[in-house]
Every structure is written in C-alpha cells, then in structure tokens.
>>> print(open('coords.txt').read())   # compact mmCIF, C-alpha atoms
# COMPACT_ATOMS: atom_id res chain seq x y z
CA ARG B 823 46.35 -69.28 -6.56
CA PRO B 824 43.64 -66.62 -6.34
CA THR B 825 43.69 -63.90 -9.00
CA ARG B 826 42.48 -60.34 -8.74
CA SER B 827 39.65 -59.37 -11.03
CA PRO B 828 40.28 -56.33 -13.19
CA PRO B 829 38.67 -53.16 -11.86
CA ARG B 830 35.29 -52.21 -13.23
CA LEU B 831 35.22 -49.00 -15.17
CA SER B 832 32.14 -46.81 -15.16
CA LEU B 833 31.50 -43.89 -17.46
CA VAL B 834 30.31 -40.98 -15.39
CA THR B 835 28.94 -37.92 -17.16
CA SER B 836 29.26 -34.72 -15.24
CA PRO B 837 26.34 -32.29 -15.38
CA MET B 838 28.95 -29.58 -15.90
CA LEU B 839 29.66 -30.95 -19.39
CA ALA B 840 26.11 -30.10 -20.43
CA LEU B 841 26.16 -26.65 -18.85
CA PRO B 842 27.46 -24.73 -21.93
CA ASP B 843 24.72 -26.25 -24.11
CA ALA B 844 22.11 -25.33 -21.51
CA VAL B 845 23.39 -21.74 -21.39
CA VAL B 846 23.38 -21.50 -25.20
CA GLY B 847 19.87 -22.89 -25.40
CA TRP B 848 18.60 -20.46 -22.78
CA LEU B 849 20.18 -17.40 -24.45
CA ARG B 850 19.56 -18.41 -28.09
CA PRO B 851 16.22 -16.58 -28.57
CA TYR B 852 17.48 -13.32 -27.08
CA GLN B 853 19.43 -10.57 -28.82
CA ILE B 854 22.10 -9.40 -26.39
CA ARG B 855 25.12 -7.36 -27.42
CA GLY B 856 28.28 -9.40 -27.05
CA LYS B 857 26.37 -12.69 -26.91
CA GLY B 858 28.31 -14.19 -29.81
CA ARG B 859 31.72 -13.50 -28.27
CA LEU B 860 30.58 -14.84 -24.92
CA LEU B 861 29.02 -18.07 -26.17
CA ASP B 862 31.65 -18.79 -28.80
CA HIS B 863 34.17 -19.50 -26.05
CA LEU B 864 31.81 -21.98 -24.37
CA VAL B 865 31.19 -24.15 -27.42
CA PRO B 866 33.75 -26.51 -29.04
CA ALA B 867 35.04 -25.66 -32.49
CA THR B 868 33.86 -28.93 -34.03
CA GLY B 869 31.16 -31.54 -33.64
CA GLU B 870 27.37 -31.59 -33.83
CA ARG B 871 24.71 -30.31 -31.48
CA ASP B 872 20.96 -30.78 -31.19
CA ALA B 873 19.12 -27.50 -30.90
CA SER B 874 15.62 -26.06 -30.76
CA ILE B 875 15.30 -23.44 -33.49
CA PHE B 876 12.01 -21.54 -33.37
CA GLY B 877 10.59 -24.53 -31.52
CA PHE B 878 11.76 -27.12 -34.07
CA ARG B 879 14.38 -29.74 -33.22
CA THR B 880 17.35 -29.89 -35.57
CA ARG B 881 20.94 -31.08 -35.60
CA LEU B 882 23.65 -28.58 -36.46
CA GLY B 883 27.32 -28.94 -37.37
CA ILE B 884 29.00 -26.32 -35.21
CA SER B 885 32.20 -26.19 -37.27
CA ASP B 886 30.21 -24.59 -40.12
CA LEU B 887 29.97 -20.80 -39.86
CA ILE B 888 26.25 -20.62 -40.69
CA GLN B 889 25.18 -23.52 -38.50
CA ARG B 890 27.31 -22.29 -35.62
CA GLY B 891 25.61 -18.90 -35.84
CA ILE B 892 22.20 -20.60 -35.85
CA TYR B 893 23.18 -22.70 -32.83
CA LEU B 894 24.42 -19.67 -30.88
CA GLY B 895 21.43 -17.54 -31.89
CA THR B 896 23.61 -14.96 -33.63
CA TYR B 897 22.84 -15.71 -37.29
CA GLU B 898 21.70 -12.72 -39.40
CA PRO B 899 19.81 -10.80 -36.69
CA HIS B 900 18.97 -7.87 -39.00
CA GLU B 901 17.40 -10.07 -41.66
CA THR B 902 15.57 -12.01 -38.95
CA TRP B 903 14.17 -8.70 -37.67
CA ILE B 904 12.83 -7.89 -41.15
CA VAL B 905 11.25 -11.29 -41.75
CA ARG B 906 9.47 -11.12 -38.39
CA ARG B 907 7.88 -7.82 -39.41
CA VAL B 908 6.85 -8.84 -42.91
CA LEU B 909 5.30 -12.24 -42.25
CA ARG B 910 2.04 -12.79 -40.40
CA ASP B 911 -0.30 -15.72 -39.83
CA GLY B 912 -1.47 -17.12 -43.17
CA ALA B 913 1.32 -15.49 -45.19
CA THR B 914 3.30 -17.08 -48.02
CA MET B 915 7.10 -17.05 -48.35
CA ILE B 916 9.64 -18.46 -50.80
CA ASP B 917 13.12 -19.09 -49.38
CA VAL B 918 15.62 -19.26 -52.26
CA GLY B 919 18.98 -20.50 -51.03
CA ALA B 920 17.46 -21.99 -47.89
CA ASN B 921 20.68 -23.77 -46.81
CA VAL B 922 19.86 -25.84 -43.68
CA GLY B 923 16.59 -23.97 -43.24
CA TYR B 924 16.97 -21.17 -40.71
CA PHE B 925 14.63 -18.74 -42.48
CA SER B 926 12.30 -21.52 -43.62
CA LEU B 927 11.82 -22.61 -40.00
CA LEU B 928 11.32 -19.02 -38.88
CA ALA B 929 8.74 -18.49 -41.63
CA SER B 930 6.98 -21.75 -40.78
CA ARG B 931 6.53 -20.60 -37.22
CA LEU B 932 5.36 -17.10 -38.23
CA VAL B 933 2.85 -18.05 -40.96
CA GLY B 934 1.23 -20.88 -39.01
CA ALA B 935 -0.90 -23.70 -40.32
CA ALA B 936 -2.74 -21.41 -42.75
CA GLY B 937 0.51 -20.18 -44.34
CA ARG B 938 2.94 -21.72 -46.81
CA VAL B 939 6.73 -21.80 -47.20
CA LEU B 940 8.61 -23.01 -50.26
CA ALA B 941 12.26 -23.77 -49.42
CA VAL B 942 14.62 -24.09 -52.40
CA GLU B 943 18.08 -25.54 -51.80
CA PRO B 944 20.13 -27.47 -54.41
CA SER B 945 23.12 -28.31 -52.19
CA PRO B 946 23.63 -32.08 -51.83
CA TYR B 947 24.64 -31.43 -48.22
CA ALA B 948 22.34 -28.66 -46.97
CA GLY B 949 19.23 -29.83 -48.85
CA PRO B 950 19.03 -33.24 -47.12
CA CYS B 951 19.70 -31.58 -43.75
CA LEU B 952 16.67 -29.35 -44.28
CA GLU B 953 14.52 -32.26 -45.47
CA ARG B 954 15.41 -34.27 -42.36
CA THR B 955 14.47 -31.39 -40.08
CA VAL B 956 11.12 -30.89 -41.82
CA ALA B 957 10.34 -34.62 -41.70
CA ALA B 958 11.49 -35.13 -38.10
CA ASN B 959 9.29 -32.29 -36.86
CA GLY B 960 6.28 -33.16 -39.00
CA ILE B 961 6.25 -29.66 -40.51
CA ARG B 962 3.34 -29.52 -42.93
CA ASN B 963 3.52 -25.92 -44.14
CA VAL B 964 7.05 -26.18 -45.63
CA THR B 965 7.68 -27.66 -49.08
CA VAL B 966 11.33 -28.41 -49.91
CA ARG B 967 12.64 -28.50 -53.47
CA ARG B 968 16.25 -29.53 -54.13
CA VAL B 969 16.78 -27.66 -57.37
CA ALA B 970 18.64 -24.56 -58.50
CA LEU B 971 16.91 -21.53 -59.98
CA GLY B 972 17.97 -19.50 -62.99
CA ALA B 973 16.82 -17.59 -66.04
CA GLU B 974 16.36 -20.77 -68.13
CA PRO B 975 15.74 -24.45 -67.32
CA GLY B 976 18.46 -27.03 -67.82
CA THR B 977 21.50 -28.15 -65.88
CA ALA B 978 24.44 -26.23 -64.44
CA SER B 979 27.35 -26.53 -62.04
CA LEU B 980 26.92 -25.76 -58.37
CA TYR B 981 30.26 -24.91 -56.78
CA LEU B 982 30.62 -26.32 -53.27
CA PRO B 983 33.19 -24.60 -51.03
CA ALA B 984 36.02 -26.71 -49.70
CA ASP B 985 35.49 -28.10 -46.22
CA ARG B 986 38.51 -26.23 -44.91
CA TRP B 987 36.61 -22.93 -45.19
CA HIS B 988 33.97 -24.14 -42.70
CA ASN B 989 31.36 -22.05 -44.50
CA HIS B 990 28.89 -23.99 -46.64
CA THR B 991 27.75 -21.29 -49.06
CA PRO B 992 27.50 -22.93 -52.50
CA THR B 993 27.22 -20.73 -55.57
CA MET B 994 26.26 -21.06 -59.22
CA VAL B 995 28.82 -18.40 -60.11
CA GLU B 996 32.01 -19.63 -61.75
CA GLY B 997 35.35 -18.59 -60.34
CA ALA B 998 34.44 -19.29 -56.74
CA GLY B 999 38.04 -20.23 -55.95
CA ASP B 1000 38.70 -23.38 -53.95
CA SER B 1001 35.45 -25.21 -54.73
CA VAL B 1002 34.13 -28.50 -56.08
CA PRO B 1003 31.57 -28.38 -58.95
CA VAL B 1004 28.59 -30.74 -59.02
CA GLU B 1005 26.00 -30.96 -61.79
CA ILE B 1006 22.47 -30.05 -60.72
CA PRO B 1007 19.09 -29.42 -62.38
CA VAL B 1008 17.99 -25.83 -62.93
CA THR B 1009 14.46 -24.50 -63.32
CA ARG B 1010 12.79 -21.11 -63.41
CA LEU B 1011 11.09 -19.83 -60.27
CA ASP B 1012 7.94 -19.16 -62.30
CA ASP B 1013 7.87 -22.81 -63.38
CA LEU B 1014 8.63 -24.13 -59.90
CA VAL B 1015 5.74 -22.21 -58.34
CA ASP B 1016 3.45 -23.50 -61.09
CA GLU B 1017 4.66 -27.03 -60.32
CA VAL B 1018 3.78 -26.81 -56.62
CA GLY B 1019 0.43 -25.28 -57.55
CA TRP B 1020 0.70 -21.99 -55.71
CA THR B 1021 -1.66 -19.22 -56.77
CA GLY B 1022 -2.39 -15.86 -55.23
CA ALA B 1023 -0.06 -13.28 -53.71
CA ILE B 1024 3.42 -14.04 -52.40
CA ASP B 1025 4.16 -12.01 -49.28
CA LEU B 1026 7.94 -12.42 -49.29
CA ILE B 1027 10.69 -13.89 -51.43
CA LYS B 1028 14.06 -14.18 -49.67
CA ILE B 1029 17.01 -14.75 -52.02
CA ASP B 1030 20.57 -15.43 -50.94
CA VAL B 1031 22.46 -17.32 -53.65
CA GLU B 1032 25.94 -15.78 -53.68
CA GLY B 1033 25.81 -13.56 -56.76
CA TYR B 1034 23.22 -15.51 -58.76
CA GLU B 1035 20.31 -13.36 -57.57
CA PRO B 1036 19.86 -11.40 -60.86
CA ARG B 1037 19.48 -14.61 -62.86
CA VAL B 1038 17.02 -16.08 -60.38
CA LEU B 1039 14.80 -13.01 -60.75
CA ARG B 1040 15.02 -13.13 -64.56
CA GLY B 1041 13.21 -16.44 -64.32
CA ALA B 1042 10.42 -15.05 -62.14
CA ASP B 1043 8.68 -12.35 -64.16
CA ARG B 1044 5.17 -13.74 -63.69
CA LEU B 1045 5.67 -14.41 -59.99
CA LEU B 1046 7.13 -10.98 -59.25
CA ALA B 1047 3.95 -9.36 -60.55
CA ARG B 1048 2.13 -10.84 -57.52
CA THR B 1049 4.95 -10.53 -54.96
CA ARG B 1050 4.71 -7.94 -52.21
CA ALA B 1051 8.31 -7.85 -50.94
CA ILE B 1052 11.78 -9.23 -51.66
CA LEU B 1053 14.58 -9.65 -49.14
CA VAL B 1054 17.69 -10.06 -51.27
CA GLU B 1055 21.44 -10.13 -50.72
CA ILE B 1056 23.35 -7.52 -52.71
CA CYS B 1057 27.04 -8.41 -52.47
CA GLY B 1058 29.37 -6.45 -54.73
CA PRO B 1059 32.18 -9.05 -55.01
CA TRP B 1060 29.79 -11.91 -55.79
CA LEU B 1061 27.78 -9.83 -58.27
CA GLY B 1062 31.03 -8.77 -59.94
CA LYS B 1063 31.98 -12.41 -60.50
CA ALA B 1064 28.55 -12.88 -62.11
CA ASP B 1065 29.13 -9.98 -64.54
CA SER B 1066 26.81 -7.67 -62.63
CA SER B 1067 27.15 -5.01 -59.94
CA PRO B 1068 25.07 -3.59 -57.08
CA ALA B 1069 24.02 -0.63 -59.26
CA THR B 1070 23.05 -2.86 -62.18
CA PHE B 1071 21.13 -5.20 -59.92
CA ALA B 1072 19.35 -2.28 -58.24
CA ARG B 1073 18.22 -1.08 -61.67
CA GLN B 1074 16.97 -4.57 -62.50
CA LEU B 1075 14.95 -4.65 -59.29
CA GLY B 1076 13.53 -1.22 -60.14
CA ASP B 1077 12.60 -2.34 -63.65
CA GLN B 1078 10.79 -5.30 -62.09
CA GLY B 1079 8.80 -2.94 -59.85
CA PHE B 1080 10.71 -3.02 -56.56
CA VAL B 1081 12.18 -0.13 -54.60
CA PRO B 1082 13.77 0.03 -51.13
CA ASP B 1083 11.18 0.11 -48.36
CA PRO B 1084 11.40 3.57 -46.75
CA GLY B 1085 9.78 2.17 -43.61
CA LEU B 1086 12.75 -0.07 -42.82
CA PRO B 1087 16.13 1.22 -41.64
CA GLU B 1088 19.05 0.12 -43.79
CA ARG B 1089 20.54 -1.83 -40.87
CA PRO B 1090 17.77 -2.27 -38.32
CA ASP B 1091 18.79 -2.69 -34.70
CA PRO B 1092 17.27 -5.96 -33.46
CA LEU B 1093 17.77 -4.73 -29.89
CA ALA B 1094 15.59 -1.65 -30.41
CA ASP B 1095 12.31 -3.41 -29.58
>>> encode(input="coords.txt", output="structure tokens")
Amino acid sequence: RPTRSPPRLSLVTSPMLALPDAVVGWLRPYQIRGKGRLLDHLVPATGERDASIFGFRTRLGISDLIQRGIYLGTYEPHETWIVRRVLRDGATMIDVGANVGYFSLLASRLVGAAGRVLAVEPSPYAGPCLERTVAANGIRNVTVRRVALGAEPGTASLYLPADRWHNHTPTMVEGAGDSVPVEIPVTRLDDLVDEVGWTGAIDLIKIDVEGYEPRVLRGADRLLARTRAILVEICGPWLGKADSSPATFARQLGDQGFVPDPGLPERPDPLAD
C-alpha cells in the first residue's frame, strides 16, 4: 500500500521582519525629537541585536536600559554632544565606568590612530562585552582595564544590580538595594596610568561610577594636574549613599583645580547644530 510522504517544511524569513532593525540603524546617528518613543515601539523588549556604533560592530542586549539606548541612538545625547566638542584627532581620554563601551567607542573614532583611550570597567558582565567589541573590530587605540578605581589600592565589593531591573549600573557604594556583591581588585587612577605608561596631558576624563566619583578622584592627584577637562556625573542620591553630596563634591573638584566650563550650557541641546 503506498504511503504519503510527510510534507516538507521550509523556513521563510520575511524581509518585513528585518525592517525595524533597518529603520533603527538608519536613524541611529541622528538626533530627532521623539525618536526614542517612535523606535521603542518597533523593537522587542528582549533579545540581542547587532549594531554599528560609531562605525564599530557590536552586539547589544536590548532588554538592558543602557544598551537599548545605545541601540536606538538615544543614549546620553547631551554628554555625547560635550565629548564630541572636547576631543579632537590625537587627543587622549580616560573612560572610568566604561560599561559596554559607548563613550570609549565614540572617543576612539574622534581621536583617531594618533589618539589614545583608556577604558576602565570592573563589571564581570560589561567588561568582557567591551573587550569583545574592541577585539572583534581590531581597535588599536583603546586599552581596556577590568579593575575598579578608588582612593587606595586593595580589594572591595562591586554591587551588581539584579537582572530584574534591566539596568546594568554596578556601584562600589554599599546600600545599593537589590544587588549582588562580587569581590574585585581596586587600584588608584594615578597608578593605573603609570602602569599603562601614559605621559603627557590628558584631554578628558569621563567618570560615571554611581556615587564613587569622589573616591576615584582622590586617587588621581598627580593625573589631575595634567588633565584639561573632566566630564563627571553628580547624582545627589548616589553621593548621599557614599557619605558625600553635590555641594561637597563640587568643593572637592574646585580644590583639585576644576570649575564648570562657562562655554558649555548646563544642558546642551544636541539638536541645536
């Protein structure tokens, strides 16, 4: 008795499934009001996506708040505006709290082959992501160091936020709520720069370490004497948990020779150009 063969199944991928990613990729470099709200509805809440960020290929987890913003092209537009105006070909930047490397990649593109970028990220998740991106793209002007920075060398706890928050922003500050501590090495920024052999002026230090900024700068006295500009997060709640405050931190910055740049608006409009 003849039998019927089972039907063959073919997987057909519709070009329409790739359309949202194509739209996001096309709009990513442009600052358009309302872009985030528009694109957020086109992109799934979870998963991973390949993306070109400042011309470098990287893979981003779109459930994470930071990486989703990078993927959509909506991550920290004001700070991006400032970095673009400070860095030029041949410049030197230190990215403290580099996370998956958004500002390190931006700096790499801006400073060119003659420039240098030192990316510092202790997170056991974000650090390897950044290292993979640098290696996969053959980026030669970025040095990655997976270490924390503080006022004194040693070891300390890095508090990793729970996955349910979808916001990978580790902190060295105790009392971070629902977080998981991991033990990590700590060094001083002065010592780290000596280790990598950097001499000469530093054009920009960017620091975003969730309240630990004052202690990072206490370990950088020698370096700050040859640093031209600092882009630093000043967050009252985080500084309060670290036994500091915006006013206290501002005084510390002043004592170390830094004042607000009168040539930059407090919240620059990236759409003004």
>>> atom_distance(input="coords.txt", atom1="CA of Leu940 (chain B)", atom2="CA of Val966 (chain B)")
6.1 Å
>>> atom_distance(input="coords.txt", atom1="CA of Trp1060 (chain B)", atom2="CA of Cys951 (chain B)")
25.2 Å
>>> residues_near_point(input="coords.txt", point="(15.1, -20.8, -56.5)", cutoff="10 Å", atoms="only C-alpha atoms", output="PyMOL selection string")
chain B and resi 916-920+940-944+967-972+1008-1012+1014-1015+1027-1031+1034-1035+1037-1039+1041-1042
>>> closest_residue(input="coords.txt", among="B:Arg954, B:Arg855, B:Arg1073, B:Arg907", to="Val922 (chain B)", atoms="all atoms listed in the file")
B:Arg954
>>> residues_around(input="coords.txt", residues="Ser874 (chain B)", least_positions_apart="2", cutoff="10 Å", atoms="all atoms listed in the file", output="PyMOL selection string")
chain B and resi 847+850-851+872+876-881+892-893
>>> residues_around(input="coords.txt", residues="Tyr924 (chain B)", least_positions_apart="3", cutoff="9 Å", atoms="all atoms listed in the file", output="list in words")
Ile875, Phe876, Gln889, Ile892, Tyr897, Ala920, Asn921, Leu927, Leu928, Ala929 and Leu952 of chain B
>>> atom_distance(input="coords.txt", atom1="CA of Val933 (chain B)", atom2="CA of Leu1026 (chain B)")
11.3 Å
>>> closest_residue(input="coords.txt", among="B:Leu894, B:Leu860, B:Leu887, B:Met994", to="Ala873 (chain B)", atoms="all atoms listed in the file")
B:Leu894
>>> closest_residue(input="coords.txt", among="B:Gly856, B:Gly1085, B:Gly997, B:Gly1022", to="Pro1059 (chain B)", atoms="all atoms listed in the file")
B:Gly997
>>> closest_residue(input="coords.txt", among="B:Thr1021, B:Asn989, B:Gln853, B:Ser1001", to="Gly895 (chain B)", atoms="only C-alpha atoms")
B:Gln853
>>> closest_residue(input="coords.txt", among="B:Pro1003, B:Pro1082, B:Pro975, B:Pro992", to="Arg1040 (chain B)", atoms="all atoms listed in the file")
B:Pro975
>>> closest_residue(input="coords.txt", among="B:Asp1000, B:Thr1070, B:Phe925, B:Ala984", to="Glu898 (chain B)", atoms="only C-alpha atoms")
B:Phe925
>>> closest_atom_pairs(input="coords.txt", of="region 903-961 of chain B", to="region 1047-1055 of chain B", cutoff="9 Å", atoms="all atoms listed in the file", output="CSV")
residue,atom,partner,partner_atom,distance
B:Ile904,CA,B:Leu1053,CA,8.4
B:Val905,CA,B:Leu1053,CA,8.3
B:Val908,CA,B:Ala1051,CA,8.2
>>> write_last_selection(input="coords.txt", atoms="C-alpha atoms", output="short mmCIF file (atom, residue, chain, number, x, y, z; two decimals), keeping the file's coordinate frame")
data_model
loop_
_atom_site.label_atom_id
_atom_site.label_comp_id
_atom_site.auth_asym_id
_atom_site.auth_seq_id
_atom_site.Cartn_x
_atom_site.Cartn_y
_atom_site.Cartn_z
CA ILE B 904 12.83 -7.89 -41.15
CA VAL B 905 11.25 -11.29 -41.75
CA VAL B 908 6.85 -8.84 -42.91
#
>>> residues_near_point(input="coords.txt", point="(27.8, -11.9, -64.3)", cutoff="9 Å", atoms="all atoms listed in the file", output="JSON, numbers by chain")
{"B": [995, 1033, 1034, 1036, 1037, 1060, 1061, 1062, 1063, 1064, 1065, 1066, 1067]}
>>> decode(input="coords.txt", residues="region 859-870 of chain B", atoms="all heavy atoms", output="mmCIF file, in the first residue's frame")
data_model
loop_
_atom_site.group_PDB
_atom_site.id
_atom_site.type_symbol
_atom_site.label_atom_id
_atom_site.label_comp_id
_atom_site.auth_asym_id
_atom_site.auth_seq_id
_atom_site.Cartn_x
_atom_site.Cartn_y
_atom_site.Cartn_z
ATOM 1 N N ARG B 859 10.724 57.454 21.508
ATOM 2 C CA ARG B 859 9.357 56.932 21.631
ATOM 3 C C ARG B 859 8.937 56.195 20.370
ATOM 4 O O ARG B 859 8.267 55.166 20.420
ATOM 5 C CB ARG B 859 8.389 58.078 21.918
ATOM 6 C CG ARG B 859 8.562 58.698 23.300
ATOM 7 C CD ARG B 859 7.446 59.654 23.615
ATOM 8 N NE ARG B 859 7.420 60.789 22.696
ATOM 9 C CZ ARG B 859 8.123 61.911 22.857
ATOM 10 N NH1 ARG B 859 8.933 62.007 23.904
ATOM 11 N NH2 ARG B 859 8.042 62.888 21.987
ATOM 12 N N LEU B 860 9.334 56.727 19.219
ATOM 13 C CA LEU B 860 8.974 56.086 17.955
ATOM 14 C C LEU B 860 9.643 54.721 17.828
ATOM 15 O O LEU B 860 8.966 53.713 17.562
ATOM 16 C CB LEU B 860 9.389 56.985 16.784
ATOM 17 C CG LEU B 860 9.331 56.345 15.396
ATOM 18 C CD1 LEU B 860 7.884 56.053 15.017
ATOM 19 C CD2 LEU B 860 9.990 57.253 14.364
ATOM 20 N N LEU B 861 10.957 54.675 18.017
ATOM 21 C CA LEU B 861 11.687 53.435 17.769
ATOM 22 C C LEU B 861 11.445 52.392 18.847
ATOM 23 O O LEU B 861 11.527 51.197 18.579
ATOM 24 C CB LEU B 861 13.185 53.732 17.650
ATOM 25 C CG LEU B 861 13.604 54.625 16.486
ATOM 26 C CD1 LEU B 861 15.119 54.783 16.461
ATOM 27 C CD2 LEU B 861 13.102 54.081 15.162
ATOM 28 N N ASP B 862 11.156 52.836 20.063
ATOM 29 C CA ASP B 862 10.967 51.883 21.148
ATOM 30 C C ASP B 862 9.814 50.924 20.855
ATOM 31 O O ASP B 862 9.841 49.751 21.265
ATOM 32 C CB ASP B 862 10.705 52.633 22.455
ATOM 33 C CG ASP B 862 10.903 51.742 23.671
ATOM 34 O OD1 ASP B 862 11.968 51.102 23.769
ATOM 35 O OD2 ASP B 862 9.993 51.683 24.508
ATOM 36 N N HIS B 863 8.813 51.396 20.143
ATOM 37 C CA HIS B 863 7.671 50.546 19.804
ATOM 38 C C HIS B 863 8.003 49.553 18.694
ATOM 39 O O HIS B 863 7.287 48.559 18.520
ATOM 40 C CB HIS B 863 6.482 51.409 19.379
ATOM 41 C CG HIS B 863 5.928 52.246 20.489
ATOM 42 N ND1 HIS B 863 5.293 51.706 21.586
ATOM 43 C CD2 HIS B 863 5.940 53.580 20.691
ATOM 44 C CE1 HIS B 863 4.925 52.677 22.412
ATOM 45 N NE2 HIS B 863 5.303 53.817 21.897
ATOM 46 N N LEU B 864 9.064 49.812 17.939
ATOM 47 C CA LEU B 864 9.423 48.929 16.831
ATOM 48 C C LEU B 864 10.308 47.760 17.250
ATOM 49 O O LEU B 864 10.413 46.765 16.528
ATOM 50 C CB LEU B 864 10.149 49.726 15.737
ATOM 51 C CG LEU B 864 9.370 50.835 15.035
ATOM 52 C CD1 LEU B 864 10.273 51.543 14.035
ATOM 53 C CD2 LEU B 864 8.127 50.275 14.342
ATOM 54 N N VAL B 865 10.942 47.898 18.406
ATOM 55 C CA VAL B 865 11.969 46.946 18.821
ATOM 56 C C VAL B 865 11.439 46.081 19.955
ATOM 57 O O VAL B 865 10.826 46.595 20.895
ATOM 58 C CB VAL B 865 13.249 47.695 19.262
ATOM 59 C CG1 VAL B 865 14.315 46.726 19.735
ATOM 60 C CG2 VAL B 865 13.784 48.539 18.109
ATOM 61 N N PRO B 866 11.658 44.756 19.921
ATOM 62 C CA PRO B 866 11.205 43.885 21.010
ATOM 63 C C PRO B 866 11.803 44.296 22.351
ATOM 64 O O PRO B 866 12.827 44.986 22.416
ATOM 65 C CB PRO B 866 11.697 42.502 20.590
ATOM 66 C CG PRO B 866 11.930 42.595 19.127
ATOM 67 C CD PRO B 866 12.326 44.002 18.843
ATOM 68 N N ALA B 867 11.167 43.855 23.417
ATOM 69 C CA ALA B 867 11.630 44.210 24.756
ATOM 70 C C ALA B 867 12.856 43.416 25.179
ATOM 71 O O ALA B 867 13.608 43.858 26.049
ATOM 72 C CB ALA B 867 10.504 43.998 25.771
ATOM 73 N N THR B 868 13.062 42.251 24.581
ATOM 74 C CA THR B 868 14.177 41.393 24.984
ATOM 75 C C THR B 868 14.938 40.905 23.756
ATOM 76 O O THR B 868 14.498 41.082 22.621
ATOM 77 C CB THR B 868 13.674 40.178 25.784
ATOM 78 O OG1 THR B 868 12.791 39.410 24.953
ATOM 79 C CG2 THR B 868 12.937 40.617 27.039
ATOM 80 N N GLY B 869 16.071 40.271 24.015
ATOM 81 C CA GLY B 869 16.872 39.712 22.940
ATOM 82 C C GLY B 869 18.163 40.478 22.733
ATOM 83 O O GLY B 869 18.510 41.366 23.514
ATOM 84 N N GLU B 870 18.886 40.120 21.679
ATOM 85 C CA GLU B 870 20.137 40.783 21.338
ATOM 86 C C GLU B 870 20.083 41.256 19.894
ATOM 87 O O GLU B 870 19.374 40.675 19.064
ATOM 88 C CB GLU B 870 21.325 39.842 21.535
ATOM 89 C CG GLU B 870 21.567 39.461 22.988
ATOM 90 C CD GLU B 870 22.831 38.634 23.164
ATOM 91 O OE1 GLU B 870 23.264 37.999 22.179
ATOM 92 O OE2 GLU B 870 23.394 38.646 24.276
#
